[in-house]
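A.B. asks: I have a structure here, written as C-alpha cells, and I will follow up with some questions on it.
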Amino acid sequence: MVSQKMRFPSRFATNRSPTRILMHKSIINKTQPGPLPPPFFPHIRLCTTLTDEAAYCDRAIIELYLRRWRIELFFRDIKISLGLDVARCLTPGMVEKEIWMQAIAHNTVRALMLEAAKTHGADVERLGFMGAVDAMRAWAEWLNRADVRQNKRLLLEMLLAIASDQVPFRLGRSEPCAKKRRPKSHQLLTNPRHEMVLSKSRRNK
C-alpha cells in the first residue's frame, strides 16, 4: 500500500478535499508467469484506488490495464481503416457530419462483429475489423438483390465469414505508427505536362 499526500493549488482547495488518498501499487515483472507485457517493458507499475488486495490482485489489475489498448486500436480503425485520418470536408459543420458518418459506419461494423461472435461462439476481440469490412462489401451486392428469405440466408453466411476470420492471439504486440514504404522522390508536377521541364538533377534518372 502507498499513502500519498495530495497537494492542490490554493484556488482549488476546499474544506472537503482529502489530504491523503490510500492507493495500491501493482507491479508485474517479466519473470512472473502468465500473460506478459510487451518485450520492451521490463515491468509495469500501476497505482490504483482499489485497495482490496483479496478482490483485486495485481495480475487482474494489470491485465485490465493492458486491455485498454483495444480503445487505441478502435481509434486506429476509424482513422486509418475507414479513412478519417484527414477530413475531406472544408467547413466545420460538414466536418462534424463526416465524423458522425464515420462513427456510424464504425459502430455498424462493430455491431455485425458482435452479432457474428454471439451467433457462432467466437471471441469478438479476435475478429478482424478489416475482415468484417471486406465481408460486408462482398455480400452487399447479393443482399441488395435478394428477397427477404434469401436475405436471411445470406446474412447468416456473412456472419459465419466474419466469425471465421479470427486474428492470432497477440497479447502485448507492439504496433508502432510507422510507414512501411518510403515516399518516391519525384519532382512535383507544377505545370501542364506539355510545359513541364524536368530539373537538371532529374533528367538522367
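Simple scheme: letters A, B, ... for chains in C-alpha cells order, numbers from 1 for residues in each chain, numbers from 1 for ligands in the order shown.
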Find the nearest atom pair between each residue of region 40-90 of chain A and region 119-126 of chain A for residues within 12 Å, count only C-alpha atoms, give distances in Å to one decimal, sort rows by chain and ascending number, and present the table as CSV.

C.D. replies:
```
residue,atom,partner,partner_atom,distance
A:Arg67,CA,A:Glu125,CA,10.0
A:Arg68,CA,A:Glu125,CA,12.0
A:Trp69,CA,A:Glu125,CA,11.6
A:Arg70,CA,A:Glu125,CA,8.5
A:Ile71,CA,A:Glu125,CA,11.4
A:Leu73,CA,A:Glu125,CA,11.0
A:Phe74,CA,A:Glu125,CA,11.1
```

A.B. asks: In Å to one decimal, how far is CA of Leu198 (chain A) from CA of His186 (chain A)?

C.D. replies: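 Taking CA of His186 (chain A) and CA of Leu198 (chain A), their separation equals 10.1 Å.
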
A.B. asks: List as an NGL selection string the protein and nucleic acid residues near region 155-161 of chain A, meaning an atom at most 8 Å away when only C-alpha atoms are counted, but skip any in the same chain fewer than 5 places from it.

C.D. replies: :A and (112-113 or 115-116 or 119-120 or 135-136 or 139 or 143)

A.B. asks: Just N, CA and C atoms for this one: save the residues we selected as a compact mmCIF listing (two decimals), in the first residue's frame.

C.D. replies:
```
# COMPACT_ATOMS: atom_id res chain seq x y z
N LEU A 112 -22.04 -5.80 -36.25
CA LEU A 112 -22.03 -7.06 -37.01
C LEU A 112 -21.01 -8.04 -36.45
N MET A 113 -19.85 -7.53 -36.06
CA MET A 113 -18.84 -8.40 -35.45
C MET A 113 -19.35 -9.01 -34.15
N GLU A 115 -22.52 -9.51 -33.38
CA GLU A 115 -23.56 -10.47 -33.73
C GLU A 115 -22.95 -11.78 -34.24
N ALA A 116 -21.89 -11.66 -35.04
CA ALA A 116 -21.22 -12.86 -35.54
C ALA A 116 -20.59 -13.65 -34.40
N THR A 119 -23.42 -15.40 -32.47
CA THR A 119 -24.07 -16.46 -33.24
C THR A 119 -23.21 -17.70 -33.33
N HIS A 120 -21.91 -17.52 -33.50
CA HIS A 120 -21.02 -18.66 -33.75
C HIS A 120 -20.05 -18.91 -32.61
N ALA A 135 -16.01 -8.49 -45.75
CA ALA A 135 -17.17 -9.37 -45.86
C ALA A 135 -18.43 -8.58 -46.17
N MET A 136 -18.60 -7.43 -45.54
CA MET A 136 -19.77 -6.60 -45.81
C MET A 136 -19.77 -6.12 -47.26
N TRP A 139 -20.68 -9.14 -49.58
CA TRP A 139 -22.07 -9.60 -49.52
C TRP A 139 -23.08 -8.49 -49.83
N LEU A 143 -26.94 -9.06 -51.06
CA LEU A 143 -28.02 -8.74 -50.13
C LEU A 143 -29.00 -7.74 -50.73
```

A.B. asks: Check the smallest atom-to-atom distance from each of A:Lys118, A:His24, A:Glu141, A:Gly131 to Ser81 (chain A) using only C-alpha atoms, then report the winner.

C.D. replies: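 Using only C-alpha atoms, the shortest distance to Ser81 (chain A) belongs to A:Gly131.
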
A.B. asks: For each of A:Met130, A:Cys47, A:Met196, A:Ala103, take the minimum atom-to-atom distance to Phe75 (chain A), counting only C-alpha atoms, then give the residue where this is smallest.

C.D. replies: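 Smallest distance to Phe75 (chain A) is found for A:Ala103.
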
A.B. asks: How far is it from CA of Arg145 (chain A) to CA of Arg110 (chain A), in Å with one decimal?

C.D. replies: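 About the pair CA of Arg145 (chain A) and CA of Arg110 (chain A): they are 23.9 Å apart.
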
A.B. asks: Please return, as an MDAnalysis selection string, all residues of region 14-160 of chain A that DSSP assigns to strand (DSSP E) on the basis of the backbone.

C.D. replies: chainID A and resid 20:29 43:48

A.B. asks: What does the file look like for those residues with N, CA and C atoms, as a compact mmCIF listing (two decimals), in the first residue's frame?

C.D. replies:
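For reference, again.txt as written:
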```
# COMPACT_ATOMS: atom_id res chain seq x y z
N ARG A 20 -5.13 13.04 2.14
CA ARG A 20 -4.41 11.83 1.76
C ARG A 20 -5.36 10.87 1.04
N ILE A 21 -4.81 10.11 0.12
CA ILE A 21 -5.57 9.07 -0.58
C ILE A 21 -4.78 7.78 -0.48
N LEU A 22 -5.43 6.74 0.00
CA LEU A 22 -4.79 5.44 0.12
C LEU A 22 -4.83 4.75 -1.23
N MET A 23 -3.66 4.34 -1.73
CA MET A 23 -3.57 3.74 -3.06
C MET A 23 -2.84 2.41 -2.98
N HIS A 24 -3.09 1.60 -3.99
CA HIS A 24 -2.45 0.28 -4.09
C HIS A 24 -1.56 0.27 -5.32
N LYS A 25 -0.31 -0.13 -5.15
CA LYS A 25 0.63 -0.20 -6.26
C LYS A 25 0.74 -1.64 -6.74
N SER A 26 0.53 -1.84 -8.04
CA SER A 26 0.63 -3.17 -8.65
C SER A 26 1.87 -3.20 -9.53
N ILE A 27 2.66 -4.26 -9.40
CA ILE A 27 3.89 -4.42 -10.18
C ILE A 27 3.90 -5.82 -10.77
N ILE A 28 4.13 -5.91 -12.07
CA ILE A 28 4.26 -7.19 -12.77
C ILE A 28 5.61 -7.20 -13.47
N ASN A 29 6.43 -8.21 -13.19
CA ASN A 29 7.74 -8.35 -13.82
C ASN A 29 7.70 -9.43 -14.88
N HIS A 43 8.96 -4.17 -16.79
CA HIS A 43 7.91 -4.37 -15.80
C HIS A 43 6.87 -3.26 -15.97
N ILE A 44 5.73 -3.47 -15.35
CA ILE A 44 4.66 -2.48 -15.37
C ILE A 44 4.29 -2.14 -13.94
N ARG A 45 4.16 -0.86 -13.66
CA ARG A 45 3.74 -0.40 -12.34
C ARG A 45 2.48 0.44 -12.50
N LEU A 46 1.48 0.12 -11.72
CA LEU A 46 0.22 0.86 -11.74
C LEU A 46 -0.19 1.20 -10.32
N CYS A 47 -0.73 2.39 -10.16
CA CYS A 47 -1.29 2.80 -8.87
C CYS A 47 -2.79 2.97 -9.03
N THR A 48 -3.55 2.41 -8.12
CA THR A 48 -5.00 2.46 -8.20
C THR A 48 -5.58 2.65 -6.81
```

A.B. asks: Run DSSP on the backbone and grab whatever in region 24-181 of chain A lands in alpha helix (DSSP H); send it over as a ChimeraX atom specification.

C.D. replies: /A:58-67,69-76,92-120,129-145,148-164

A.B. asks: Could you work out how far CA of Ala87 (chain A) lies from CA of Lys180 (chain A), giving the answer in Å with one decimal?

C.D. replies: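 Taking CA of Lys180 (chain A) as the start and CA of Ala87 (chain A) as the end point, the length is 22.8 Å.
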
A.B. asks: Pick out the closest residue to Gly128 (chain A) from this set: A:Thr108, A:Ser164, A:Asn144, A:Asn191. Count only C-alpha atoms.

C.D. replies: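 That would be A:Ser164, the residue with the smallest distance to Gly128 (chain A).
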